[in-house]
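Working notes for the structure below.
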Amino acid sequence: MTQTLTSRVADRLRAIVGDDQVITHPDRLVAYESDGLTAYRVVPRAVVLPETTDQVSEVLRVMHDEGIDVVPRGAGTGLSGGALPTPDGVIVGTARMNRILSINEQNRLARVQTGVVNARLTEATAPYGLYYAPDPASQSTCTLGGNVAENSGGPHCLKYGVTSRYVTGLTVVMADGEVVRLGGAGLEAVHGLDLVGLFVGSEGCFGIATEIEVRLLPKVESIRTLLGIFDTMEAAGHAVTDIIGSGLMPAAVEIVDNATIVAVEASVFSAGYPVDAGAALVVEFDGTEAGLDDDADRAEQCCLSAGATKVIRATSDEERIALWKGRKKAFGAMGRIAPDLLVQDATVPRTRLPEVLARITEIGREYDLKIANVFHAGDGNLHPNILFDRQNQEELERVEKASREIMTLCVSVGGTITGEHGVGVDKRAYMPLVYNDVEMDMLRSVRRVFDPDGRLNPGKVVQ
Amino acid sequence: MTLARSLRSALPDVSAREWDQSNNDVLWPGGTPEVLIRPVSTEEVSQILTWAGKEGVGVLPLGSGRHLGPIGGGRFVALETSLLAGVDEYEPADLTITSGTGTTFSTVDSTLRENGQWAPFDSPGVNERSIGGLVSEASHGPLWAGYGSLRNHVLGATLVTGDGRVLRLGGKVVKNVAGYDLLRPVVGGRGRLGILTSVCLRAFPLPAHERVLVLKGAKLKSLIEPALLAGTAPVLPVSIVVVGQLSALGGNSALILRLHGAESTVNADQSAIEKHLGISLDRLAGEEADGCLTEVRDRGGLEPRCVEVSVLPSRLSEVVAAADEVGVAKAVIDSYAGRLRMGSADMSADAVSALRGVVESLGGALRVARWDCVTRPQDTSCRDAELQLSRRLESIFDPSGVLWPAR
């Protein structure tokens, strides 16, 4: 049962951020009851929307004084319940901290407030011939602060790496309101522990990052995109292994399975994928124009050798967008098949993909569930999407059992329980599949280094 | 009772012998270990650290033993990882390789190259260094521009904490966000959080073609500007360095760019860079290129005294202008990363301290990578808050303060 915030505390918060930026009305709080993982919902006591580091600091001091839990939230697009409120807690939302503070063309750096939307940074740096590489699927809405909290990836992290590779420095507000600077470009020679790297991916449990310094890359000159159509998922998996094994370095390698293709083609997002295909493989290369056709030719040959029935190559930006459509709109298309969708996330060694996918299909059959697979095949990052109706309690229980089996399977072949969505509340129960008691204790101890009282995002990652 | 006798009594199966001063062919000013211990397994490392905690004895981890700083006071033993050697697991199609931390990089590298792969590590003397030492120092060179830091290539590790707990960190997959990333502070932690016993690294396909491009100049300083301009080209080389007085180039200084990719790509990249710079670059090939790259890689890093500087690339010229007395004429400068390395046998501590002041005023940092006597100049410090957090982390991983008596 959510507790109401006392008027005294609410007044203290309003004095810091202004009346309009403290939300306490129950009707408005409902909008914050979950993040992108809607299976869990809790209405927060209040939502505070600061605009500066100083305001975040003052807000956290009040929370610390009052002994109130804090749940940080960016755009709320996370898929693991990382921004799920607690009944006793207040959400500190960073969406209004949305200023790009500087773009340093010569040093290829940008400094932003934490609520800047991922894609907006790339738009803002484009006139300088630069861009920000990590591109999670939600990049048009997710914030860079959320990306830091989750160490987000995206389709192109196969070649370019995930968020932690690009974050050079952080301004962080700790649980007691202390403002701390971590790292910074130009300070690599300092003999210190990599606290920036440790903070990235800490899911809001260590502090609230308010300003972020990131590296930018030069915009790529050209892109080549291929779509391979396969009769079976296994053949598509072999094509991926052949492409990577041949020494090619694609920017992205993505697969969708038949269930996903059928869902997309039956939706408004129809991309023209054949509905009888077992799998569709999107392969993308980027770089200097001169070498791309050679790379694309070699990848096409790998697809055909692995049994592709057809390989289509985009010849324009429009065609490229069309080839990607079946992949990028997959989650949206599934909404018409079932009321609820559990987007799972796990990683396995790439060579184990065919056997893992075959077993996931069996698990779906055993639990009488529809599972559609979309995944970043190049780095073995699976997204088995389980379709269900959360009003059906019996089906929900089957979903949970199937999820656990899938996670157990992925860990058993040398993988892990999440590649990019984070643990949040959704994966917390699976952590013992990966970590033993000693390791779990160490995770808890490290959390206490940053937040001794456990006030920041309680109940997430580890209890 | 001597430490050797105490150790043999507590752990009779562990290989240990009295320290022989003839082992001390490396830079360890300030102290000498009493015993050299050579464990053969993670379990033995755990037993040794547990014993050390009970005895109140410091433990100095040794990989190849080439890159240590000064040793602090008190009694301590050296724990050498050379018997934790060998490639444990290699799956070429997954581009991952797991080895014991006592394995030399050359062993890992030759295993990878047999399968058309490599690990893009290019720190000084890399081939003879142990994997554990490289990872503990997060040691990397100018290939950082094209491949990222070594920190990005360590996927997993087994760590024994100061009190003997065994932790498996990370895993064998490239994307992994299960729990807080405890691997990050361990990589580059210089043994302060524990002793690594095995490491899983990400491998890369060998580039189909490498091109080495050179712009020679009489003076290093004149090459900084074109190097910075190369860093803003629409094509990013895998490394951009300026190096002074290269013997492989007849004593000339040079801007050296490396390009990797298919030959057609490399041709196009070279054209794009030359157009951006407004000049033509010479190509190096064969033995001349290899010799040049090896000299660049090792320059200064194996000298008795060596300092490293980091600064924003846009401030490099100011650092170079202030570094004459530290030997900048023979420096190697990674202009994309904003890093300089300078080494010599007779570098002056006062000159280094003066340079540190300049570097810090420019927002950068200086660290002393090697120094062969106790009167060592200071490094740039962490900010206080970072130091406090680091100390608290260290106290969790090493509650008795057993590890690395140098700190």
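Residues in the structure tokens are numbered from 1 in each chain, the chains being A, B, ... in the order shown, and ligands are numbered from 1 in the order shown.
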Could you pull out the helix (DSSP H, G or I) residues of segment 197-408 of chain A, going by DSSP on the backbone, and write them as number ranges by chain? A: 197-199, 233-245, 258-265, 289-305, 317-328, 330-334, 350-366, 377-379, 393-408
Quick check for you: according to DSSP on this backbone, which residues of segment 124-360 of chain B are classed as strand (DSSP E or B)? Reply as a short mmCIF file (atom, residue, chain, number, x, y, z; two decimals) with N, CA, C and O atoms, in the first residue's frame.
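And here's states_38.cif as it stands now:
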data_model
loop_
_atom_site.label_atom_id
_atom_site.label_comp_id
_atom_site.auth_asym_id
_atom_site.auth_seq_id
_atom_site.Cartn_x
_atom_site.Cartn_y
_atom_site.Cartn_z
N SER B 130 52.88 -10.80 -18.66
CA SER B 130 51.84 -11.78 -18.33
C SER B 130 50.47 -11.15 -18.57
O SER B 130 50.30 -9.93 -18.48
N VAL B 154 38.24 -7.23 -21.68
CA VAL B 154 38.26 -8.26 -20.64
C VAL B 154 36.82 -8.62 -20.34
O VAL B 154 36.05 -7.82 -19.81
N LEU B 155 36.44 -9.84 -20.71
CA LEU B 155 35.04 -10.25 -20.55
C LEU B 155 34.77 -10.89 -19.20
O LEU B 155 33.65 -10.81 -18.69
N GLY B 156 35.77 -11.53 -18.65
CA GLY B 156 35.56 -12.22 -17.38
C GLY B 156 36.88 -12.51 -16.71
O GLY B 156 37.94 -12.40 -17.31
N ALA B 157 36.82 -12.85 -15.43
CA ALA B 157 38.04 -13.14 -14.69
C ALA B 157 37.70 -13.92 -13.43
O ALA B 157 36.57 -13.86 -12.93
N THR B 158 38.69 -14.63 -12.93
CA THR B 158 38.59 -15.22 -11.59
C THR B 158 39.53 -14.43 -10.69
O THR B 158 40.71 -14.25 -11.01
N LEU B 159 38.99 -13.95 -9.59
CA LEU B 159 39.74 -13.09 -8.69
C LEU B 159 39.73 -13.70 -7.29
O LEU B 159 38.69 -14.14 -6.81
N VAL B 160 40.90 -13.71 -6.67
CA VAL B 160 40.97 -14.10 -5.26
C VAL B 160 41.14 -12.82 -4.45
O VAL B 160 42.10 -12.08 -4.66
N VAL B 166 37.05 -16.48 -3.43
CA VAL B 166 37.19 -16.63 -4.89
C VAL B 166 35.94 -16.09 -5.56
O VAL B 166 34.82 -16.52 -5.26
N LEU B 167 36.13 -15.13 -6.45
CA LEU B 167 35.00 -14.50 -7.15
C LEU B 167 35.14 -14.73 -8.65
O LEU B 167 36.21 -14.52 -9.22
N ARG B 168 34.04 -15.13 -9.27
CA ARG B 168 34.01 -15.18 -10.74
C ARG B 168 33.34 -13.89 -11.20
O ARG B 168 32.19 -13.62 -10.84
N LEU B 169 34.05 -13.11 -11.93
CA LEU B 169 33.54 -11.81 -12.37
C LEU B 169 33.30 -11.85 -13.88
O LEU B 169 34.09 -12.43 -14.62
N GLY B 170 32.21 -11.20 -14.33
CA GLY B 170 31.91 -11.18 -15.76
C GLY B 170 31.59 -12.56 -16.25
O GLY B 170 30.96 -13.36 -15.55
N ILE B 195 43.94 -10.92 -6.42
CA ILE B 195 44.88 -11.51 -7.36
C ILE B 195 44.09 -12.25 -8.42
O ILE B 195 43.29 -13.15 -8.11
N LEU B 196 44.31 -11.87 -9.67
CA LEU B 196 43.63 -12.53 -10.79
C LEU B 196 44.30 -13.87 -11.08
O LEU B 196 45.53 -13.94 -11.12
N THR B 197 43.50 -14.89 -11.27
CA THR B 197 44.09 -16.19 -11.60
C THR B 197 43.74 -16.65 -13.01
O THR B 197 44.45 -17.46 -13.59
N SER B 198 42.63 -16.19 -13.56
CA SER B 198 42.35 -16.47 -14.98
C SER B 198 41.56 -15.31 -15.55
O SER B 198 40.86 -14.58 -14.83
N VAL B 199 41.69 -15.15 -16.86
CA VAL B 199 41.05 -14.02 -17.54
C VAL B 199 40.49 -14.50 -18.87
O VAL B 199 41.14 -15.27 -19.58
N CYS B 200 39.28 -14.05 -19.18
CA CYS B 200 38.70 -14.31 -20.50
C CYS B 200 38.75 -13.01 -21.30
O CYS B 200 38.24 -11.99 -20.87
N LEU B 201 39.40 -13.09 -22.46
CA LEU B 201 39.58 -11.91 -23.31
C LEU B 201 38.76 -12.04 -24.59
O LEU B 201 38.53 -13.15 -25.09
N ARG B 202 38.38 -10.88 -25.11
CA ARG B 202 37.74 -10.84 -26.42
C ARG B 202 38.82 -10.81 -27.49
O ARG B 202 39.78 -10.05 -27.38
N PHE B 204 39.79 -10.54 -31.76
CA PHE B 204 39.32 -9.85 -32.97
C PHE B 204 39.86 -10.58 -34.20
O PHE B 204 40.95 -11.15 -34.15
N PRO B 205 39.12 -10.52 -35.31
CA PRO B 205 39.69 -11.06 -36.55
C PRO B 205 40.91 -10.23 -36.94
O PRO B 205 40.90 -9.00 -36.78
N HIS B 209 44.20 -6.30 -44.04
CA HIS B 209 45.31 -5.52 -44.57
C HIS B 209 45.69 -4.43 -43.57
O HIS B 209 44.80 -3.85 -42.95
N GLU B 210 46.98 -4.22 -43.42
CA GLU B 210 47.42 -3.10 -42.58
C GLU B 210 48.27 -2.16 -43.41
O GLU B 210 49.13 -2.61 -44.19
N ARG B 211 48.03 -0.88 -43.27
CA ARG B 211 48.88 0.10 -43.94
C ARG B 211 49.46 1.04 -42.89
O ARG B 211 48.74 1.53 -42.01
N VAL B 212 50.76 1.27 -43.01
CA VAL B 212 51.45 2.18 -42.10
C VAL B 212 51.87 3.40 -42.90
O VAL B 212 52.61 3.29 -43.88
N LEU B 213 51.35 4.56 -42.51
CA LEU B 213 51.62 5.80 -43.22
C LEU B 213 52.46 6.73 -42.35
O LEU B 213 52.24 6.80 -41.13
N VAL B 214 53.37 7.42 -42.97
CA VAL B 214 54.33 8.22 -42.21
C VAL B 214 54.46 9.62 -42.79
O VAL B 214 54.48 9.80 -44.01
N LEU B 215 54.54 10.58 -41.89
CA LEU B 215 54.96 11.94 -42.24
C LEU B 215 56.19 12.24 -41.39
O LEU B 215 56.08 12.33 -40.15
N LYS B 216 57.34 12.38 -42.04
CA LYS B 216 58.57 12.64 -41.28
C LYS B 216 58.73 14.13 -41.02
O LYS B 216 58.27 14.97 -41.81
N GLY B 217 59.41 14.42 -39.93
CA GLY B 217 59.69 15.82 -39.61
C GLY B 217 60.96 15.89 -38.80
O GLY B 217 61.31 14.95 -38.08
N SER B 239 45.41 3.86 -35.16
CA SER B 239 46.27 4.57 -34.22
C SER B 239 46.87 5.79 -34.90
O SER B 239 47.11 5.79 -36.11
N ILE B 240 47.07 6.83 -34.10
CA ILE B 240 47.70 8.08 -34.58
C ILE B 240 48.76 8.44 -33.54
O ILE B 240 48.41 8.75 -32.40
N VAL B 241 50.01 8.33 -33.91
CA VAL B 241 51.06 8.68 -32.94
C VAL B 241 52.09 9.60 -33.56
O VAL B 241 52.36 9.55 -34.76
N VAL B 242 52.65 10.43 -32.70
CA VAL B 242 53.83 11.21 -33.05
C VAL B 242 54.95 10.68 -32.17
O VAL B 242 54.77 10.50 -30.96
N VAL B 243 56.08 10.41 -32.79
CA VAL B 243 57.19 9.86 -32.00
C VAL B 243 58.48 10.57 -32.40
O VAL B 243 58.70 10.87 -33.58
N GLY B 244 59.29 10.86 -31.39
CA GLY B 244 60.50 11.63 -31.65
C GLY B 244 61.71 10.75 -31.91
O GLY B 244 61.87 9.69 -31.30
N GLN B 245 62.54 11.17 -32.85
CA GLN B 245 63.86 10.58 -33.10
C GLN B 245 63.83 9.05 -33.20
O GLN B 245 64.45 8.33 -32.42
N LEU B 246 63.11 8.57 -34.16
CA LEU B 246 62.98 7.12 -34.36
C LEU B 246 64.23 6.58 -35.05
O LEU B 246 64.54 7.01 -36.17
N ASN B 252 64.79 10.51 -37.58
CA ASN B 252 63.74 11.50 -37.78
C ASN B 252 62.61 11.32 -36.77
O ASN B 252 62.38 10.22 -36.27
N SER B 253 61.92 12.39 -36.52
CA SER B 253 60.64 12.28 -35.82
C SER B 253 59.58 12.00 -36.87
O SER B 253 59.79 12.23 -38.07
N ALA B 254 58.42 11.50 -36.41
CA ALA B 254 57.42 11.12 -37.42
C ALA B 254 56.02 11.10 -36.82
O ALA B 254 55.83 10.80 -35.65
N LEU B 255 55.06 11.42 -37.69
CA LEU B 255 53.64 11.13 -37.43
C LEU B 255 53.35 9.81 -38.13
O LEU B 255 53.64 9.65 -39.33
N ILE B 256 52.84 8.87 -37.36
CA ILE B 256 52.59 7.53 -37.93
C ILE B 256 51.12 7.18 -37.76
O ILE B 256 50.57 7.23 -36.65
N LEU B 257 50.50 6.83 -38.86
CA LEU B 257 49.09 6.42 -38.85
C LEU B 257 49.00 4.96 -39.27
O LEU B 257 49.71 4.52 -40.18
N ARG B 258 48.13 4.22 -38.61
CA ARG B 258 47.89 2.82 -39.02
C ARG B 258 46.44 2.68 -39.46
O ARG B 258 45.53 3.16 -38.77
N LEU B 259 46.26 2.02 -40.59
CA LEU B 259 44.91 1.77 -41.11
C LEU B 259 44.71 0.27 -41.21
O LEU B 259 45.61 -0.45 -41.66
N HIS B 260 43.56 -0.21 -40.82
CA HIS B 260 43.23 -1.64 -40.92
C HIS B 260 41.95 -1.82 -41.74
O HIS B 260 41.02 -1.02 -41.62
N GLY B 261 41.90 -2.89 -42.52
CA GLY B 261 40.66 -3.20 -43.25
C GLY B 261 40.99 -3.91 -44.55
O GLY B 261 42.14 -4.29 -44.81
N ASP B 282 53.88 9.02 -46.74
CA ASP B 282 54.68 7.90 -47.24
C ASP B 282 54.17 6.60 -46.64
O ASP B 282 53.69 6.57 -45.51
N ARG B 283 54.32 5.54 -47.41
CA ARG B 283 53.96 4.22 -46.89
C ARG B 283 55.19 3.50 -46.39
O ARG B 283 56.24 3.53 -47.03
N LEU B 284 55.04 2.81 -45.27
CA LEU B 284 56.08 1.90 -44.81
C LEU B 284 55.57 0.48 -44.98
O LEU B 284 54.37 0.23 -44.82
N ARG B 305 63.26 4.86 -15.92
CA ARG B 305 62.34 5.91 -15.46
C ARG B 305 61.39 6.24 -16.61
O ARG B 305 61.84 6.47 -17.74
N CYS B 306 60.13 6.24 -16.29
CA CYS B 306 59.14 6.48 -17.34
C CYS B 306 57.93 7.18 -16.74
O CYS B 306 57.45 6.79 -15.67
N VAL B 307 57.47 8.21 -17.42
CA VAL B 307 56.24 8.88 -16.98
C VAL B 307 55.22 8.87 -18.12
O VAL B 307 55.58 8.87 -19.30
N GLU B 308 53.97 8.85 -17.72
CA GLU B 308 52.87 8.92 -18.69
C GLU B 308 51.98 10.11 -18.34
O GLU B 308 51.71 10.36 -17.16
N VAL B 309 51.55 10.79 -19.37
CA VAL B 309 50.71 11.98 -19.20
C VAL B 309 49.44 11.78 -19.99
O VAL B 309 49.45 11.23 -21.09
N SER B 310 48.32 12.20 -19.41
CA SER B 310 47.06 12.26 -20.18
C SER B 310 46.52 13.68 -20.10
O SER B 310 46.65 14.35 -19.08
N VAL B 332 56.72 9.40 -27.14
CA VAL B 332 55.72 8.86 -28.05
C VAL B 332 54.39 9.46 -27.61
O VAL B 332 54.05 9.44 -26.43
N ILE B 333 53.68 10.03 -28.57
CA ILE B 333 52.46 10.79 -28.27
C ILE B 333 51.30 10.21 -29.04
O ILE B 333 51.30 10.18 -30.27
N ASP B 334 50.33 9.71 -28.30
CA ASP B 334 49.09 9.23 -28.91
C ASP B 334 48.16 10.44 -28.98
O ASP B 334 47.51 10.81 -27.99
N ARG B 339 47.68 11.25 -24.98
CA ARG B 339 48.60 10.60 -24.02
C ARG B 339 50.03 10.73 -24.51
O ARG B 339 50.30 10.60 -25.71
N LEU B 340 50.92 10.97 -23.59
CA LEU B 340 52.37 11.02 -23.89
C LEU B 340 53.09 10.03 -22.98
O LEU B 340 52.73 9.88 -21.81
N ARG B 341 54.10 9.40 -23.53
CA ARG B 341 54.97 8.55 -22.70
C ARG B 341 56.41 8.98 -22.94
O ARG B 341 56.82 9.12 -24.09
N MET B 342 57.11 9.20 -21.87
CA MET B 342 58.51 9.60 -21.97
C MET B 342 59.33 8.76 -21.00
O MET B 342 58.91 8.59 -19.85
N GLY B 343 60.44 8.24 -21.45
CA GLY B 343 61.27 7.42 -20.56
C GLY B 343 62.74 7.62 -20.82
O GLY B 343 63.15 7.89 -21.95
N SER B 344 63.53 7.53 -19.77
CA SER B 344 64.98 7.59 -19.92
C SER B 344 65.60 7.10 -18.61
O SER B 344 64.91 6.91 -17.61
#
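Around Gly189 of chain B, within 9 Å and counting only C-alpha atoms, the residues found are A:His191, A:Gly192, A:Leu193, A:Asp194, B:Val135, B:Ser136, B:Glu137, B:Ala138, B:Arg184, B:Pro185, B:Val186, B:Arg192, B:Leu193, B:Gly194, once anything fewer than 3 positions away on its own chain is removed.
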If the cut-off is 6 Å, can you tell me the residues of chain A near chain B, counting only C-alpha atoms? I'd like them as a PDB file with N, CA, C and O atoms, in the first residue's frame.
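After the write, selection-v7.pdb holds the following:
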ATOM      1  N   GLY A 186      40.916  13.192 -20.248  1.00  0.00           N
ATOM      2  CA  GLY A 186      42.172  13.856 -19.924  1.00  0.00           C
ATOM      3  C   GLY A 186      42.774  13.365 -18.619  1.00  0.00           C
ATOM      4  O   GLY A 186      43.909  13.686 -18.306  1.00  0.00           O
ATOM      5  N   LEU A 187      42.020  12.600 -17.861  1.00  0.00           N
ATOM      6  CA  LEU A 187      42.513  12.150 -16.551  1.00  0.00           C
ATOM      7  C   LEU A 187      42.819  10.650 -16.536  1.00  0.00           C
ATOM      8  O   LEU A 187      42.916  10.037 -15.484  1.00  0.00           O
ATOM      9  N   GLU A 188      42.980  10.065 -17.712  1.00  0.00           N
ATOM     10  CA  GLU A 188      43.187   8.613 -17.776  1.00  0.00           C
ATOM     11  C   GLU A 188      44.449   8.174 -17.055  1.00  0.00           C
ATOM     12  O   GLU A 188      44.562   7.024 -16.631  1.00  0.00           O
ATOM     13  N   ALA A 189      45.415   9.072 -16.932  1.00  0.00           N
ATOM     14  CA  ALA A 189      46.688   8.672 -16.303  1.00  0.00           C
ATOM     15  C   ALA A 189      46.602   8.600 -14.782  1.00  0.00           C
ATOM     16  O   ALA A 189      47.552   8.165 -14.135  1.00  0.00           O
ATOM     17  N   VAL A 190      45.491   9.031 -14.215  1.00  0.00           N
ATOM     18  CA  VAL A 190      45.376   8.940 -12.747  1.00  0.00           C
ATOM     19  C   VAL A 190      45.338   7.466 -12.347  1.00  0.00           C
ATOM     20  O   VAL A 190      44.614   6.667 -12.929  1.00  0.00           O
ATOM     21  N   LEU A 193      41.027   3.447  -9.210  1.00  0.00           N
ATOM     22  CA  LEU A 193      40.129   2.384  -9.636  1.00  0.00           C
ATOM     23  C   LEU A 193      39.128   2.968 -10.625  1.00  0.00           C
ATOM     24  O   LEU A 193      38.770   4.148 -10.550  1.00  0.00           O
ATOM     25  N   ASP A 194      38.643   2.153 -11.539  1.00  0.00           N
ATOM     26  CA  ASP A 194      37.728   2.620 -12.580  1.00  0.00           C
ATOM     27  C   ASP A 194      36.322   2.753 -11.990  1.00  0.00           C
ATOM     28  O   ASP A 194      35.469   1.872 -12.156  1.00  0.00           O
ATOM     29  N   GLY A 197      33.536   3.138 -14.696  1.00  0.00           N
ATOM     30  CA  GLY A 197      33.133   1.839 -15.236  1.00  0.00           C
ATOM     31  C   GLY A 197      32.263   1.063 -14.269  1.00  0.00           C
ATOM     32  O   GLY A 197      31.342   0.348 -14.673  1.00  0.00           O
ATOM     33  N   LEU A 198      32.553   1.193 -12.982  1.00  0.00           N
ATOM     34  CA  LEU A 198      31.745   0.494 -11.975  1.00  0.00           C
ATOM     35  C   LEU A 198      30.357   1.118 -11.867  1.00  0.00           C
ATOM     36  O   LEU A 198      29.356   0.420 -11.702  1.00  0.00           O
ATOM     37  N   SER A 202      25.009   0.361 -12.901  1.00  0.00           N
ATOM     38  CA  SER A 202      24.667   0.096 -11.498  1.00  0.00           C
ATOM     39  C   SER A 202      23.180   0.302 -11.217  1.00  0.00           C
ATOM     40  O   SER A 202      22.741   0.229 -10.071  1.00  0.00           O
ATOM     41  N   PRO A 218      33.402   9.788 -35.463  1.00  0.00           N
ATOM     42  CA  PRO A 218      33.089  10.411 -36.759  1.00  0.00           C
ATOM     43  C   PRO A 218      31.959   9.653 -37.459  1.00  0.00           C
ATOM     44  O   PRO A 218      31.919   8.424 -37.412  1.00  0.00           O
ATOM     45  N   GLY A 245      33.180 -15.604 -38.348  1.00  0.00           N
ATOM     46  CA  GLY A 245      34.388 -16.427 -38.439  1.00  0.00           C
ATOM     47  C   GLY A 245      35.252 -16.084 -39.648  1.00  0.00           C
ATOM     48  O   GLY A 245      36.440 -16.369 -39.668  1.00  0.00           O
ATOM     49  N   GLY A 247      36.163 -13.259 -40.566  1.00  0.00           N
ATOM     50  CA  GLY A 247      36.983 -12.064 -40.339  1.00  0.00           C
ATOM     51  C   GLY A 247      36.260 -10.778 -40.653  1.00  0.00           C
ATOM     52  O   GLY A 247      36.816  -9.698 -40.495  1.00  0.00           O
ATOM     53  N   ALA A 290      34.415   2.718 -50.250  1.00  0.00           N
ATOM     54  CA  ALA A 290      35.160   1.852 -51.173  1.00  0.00           C
ATOM     55  C   ALA A 290      35.163   0.384 -50.766  1.00  0.00           C
ATOM     56  O   ALA A 290      35.154  -0.501 -51.623  1.00  0.00           O
ATOM     57  N   GLY A 291      35.194   0.078 -49.480  1.00  0.00           N
ATOM     58  CA  GLY A 291      35.337  -1.318 -49.093  1.00  0.00           C
ATOM     59  C   GLY A 291      34.030  -2.036 -48.826  1.00  0.00           C
ATOM     60  O   GLY A 291      34.015  -3.264 -48.622  1.00  0.00           O
ATOM     61  N   PRO A 349      27.128 -17.704 -25.649  1.00  0.00           N
ATOM     62  CA  PRO A 349      28.202 -17.705 -26.652  1.00  0.00           C
ATOM     63  C   PRO A 349      27.583 -17.935 -28.040  1.00  0.00           C
ATOM     64  O   PRO A 349      26.696 -18.775 -28.197  1.00  0.00           O
ATOM     65  N   ARG A 350      28.073 -17.180 -29.001  1.00  0.00           N
ATOM     66  CA  ARG A 350      27.434 -17.179 -30.332  1.00  0.00           C
ATOM     67  C   ARG A 350      27.300 -18.576 -30.919  1.00  0.00           C
ATOM     68  O   ARG A 350      26.292 -18.900 -31.557  1.00  0.00           O
ATOM     69  N   THR A 418      21.210 -11.538 -18.508  1.00  0.00           N
ATOM     70  CA  THR A 418      20.834 -10.292 -19.187  1.00  0.00           C
ATOM     71  C   THR A 418      22.033  -9.694 -19.909  1.00  0.00           C
ATOM     72  O   THR A 418      23.128  -9.600 -19.341  1.00  0.00           O
ATOM     73  N   GLY A 419      21.794  -9.327 -21.149  1.00  0.00           N
ATOM     74  CA  GLY A 419      22.877  -8.753 -21.949  1.00  0.00           C
ATOM     75  C   GLY A 419      22.798  -7.246 -22.046  1.00  0.00           C
ATOM     76  O   GLY A 419      23.801  -6.583 -22.263  1.00  0.00           O
ATOM     77  N   GLU A 420      21.557  -6.694 -21.887  1.00  0.00           N
ATOM     78  CA  GLU A 420      21.456  -5.244 -22.039  1.00  0.00           C
ATOM     79  C   GLU A 420      20.274  -4.615 -21.309  1.00  0.00           C
ATOM     80  O   GLU A 420      20.220  -3.402 -21.186  1.00  0.00           O
ATOM     81  N   GLY A 422      19.364  -5.238 -18.111  1.00  0.00           N
ATOM     82  CA  GLY A 422      19.621  -5.110 -16.684  1.00  0.00           C
ATOM     83  C   GLY A 422      18.812  -6.098 -15.860  1.00  0.00           C
ATOM     84  O   GLY A 422      17.957  -6.829 -16.375  1.00  0.00           O
ATOM     85  N   GLU A 439      29.683 -14.402  -3.969  1.00  0.00           N
ATOM     86  CA  GLU A 439      29.636 -13.333  -4.984  1.00  0.00           C
ATOM     87  C   GLU A 439      28.434 -12.412  -4.756  1.00  0.00           C
ATOM     88  O   GLU A 439      28.541 -11.185  -4.924  1.00  0.00           O
TER      89      GLU A 439
END
Find the residues around Pro377 of chain B up to 7 Å (only C-alpha atoms counted), leave out those fewer than 2 positions away in its own chain, and share them as a VMD selection string. chain B and resid 349 352 to 353 375 379
Output the selection as a PDB file, in the first residue's frame - C-alpha atoms for each residue.
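Generated output (again_16.pdb):
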ATOM      1  CA  ALA B 349      62.451  14.057 -10.392  1.00  0.00           C
ATOM      2  CA  VAL B 352      58.845  15.563 -13.617  1.00  0.00           C
ATOM      3  CA  SER B 353      57.276  17.394 -10.680  1.00  0.00           C
ATOM      4  CA  THR B 375      62.848   9.361  -4.187  1.00  0.00           C
ATOM      5  CA  ASP B 379      51.596  11.058  -9.337  1.00  0.00           C
TER       6      ASP B 379
END
Show which residues sit within 7 Å of segment 9-26 of chain A, as a PyMOL selection string. Count only C-alpha atoms, and ignore same-chain residues fewer than 4 positions away. chain A and resi 5+30+45-50+55+58-59
Segment 133-139 of chain A surroundings by only C-alpha atoms, 10 Å radius, close-in-sequence under 2 positions cut, as an MDAnalysis selection string: chainID A and resid 75 77:78 117:120 122 130:131 141:144 147 151:157 159:166 214:219 327:329 331 420:421
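For the pair atom CA of Leu84 of chain A and atom CA of Asp69 of chain A, the separation is 12.2 Å.
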Compile the contact shell of Arg448 of chain A as a PyMOL selection string: residues with an atom at most 12 Å away, counting only C-alpha atoms, same-chain residues fewer than 3 positions apart removed. (chain A and resi 174-175+205-207+441-445+451-456+458+462-463) or (chain B and resi 389+392-393+396)
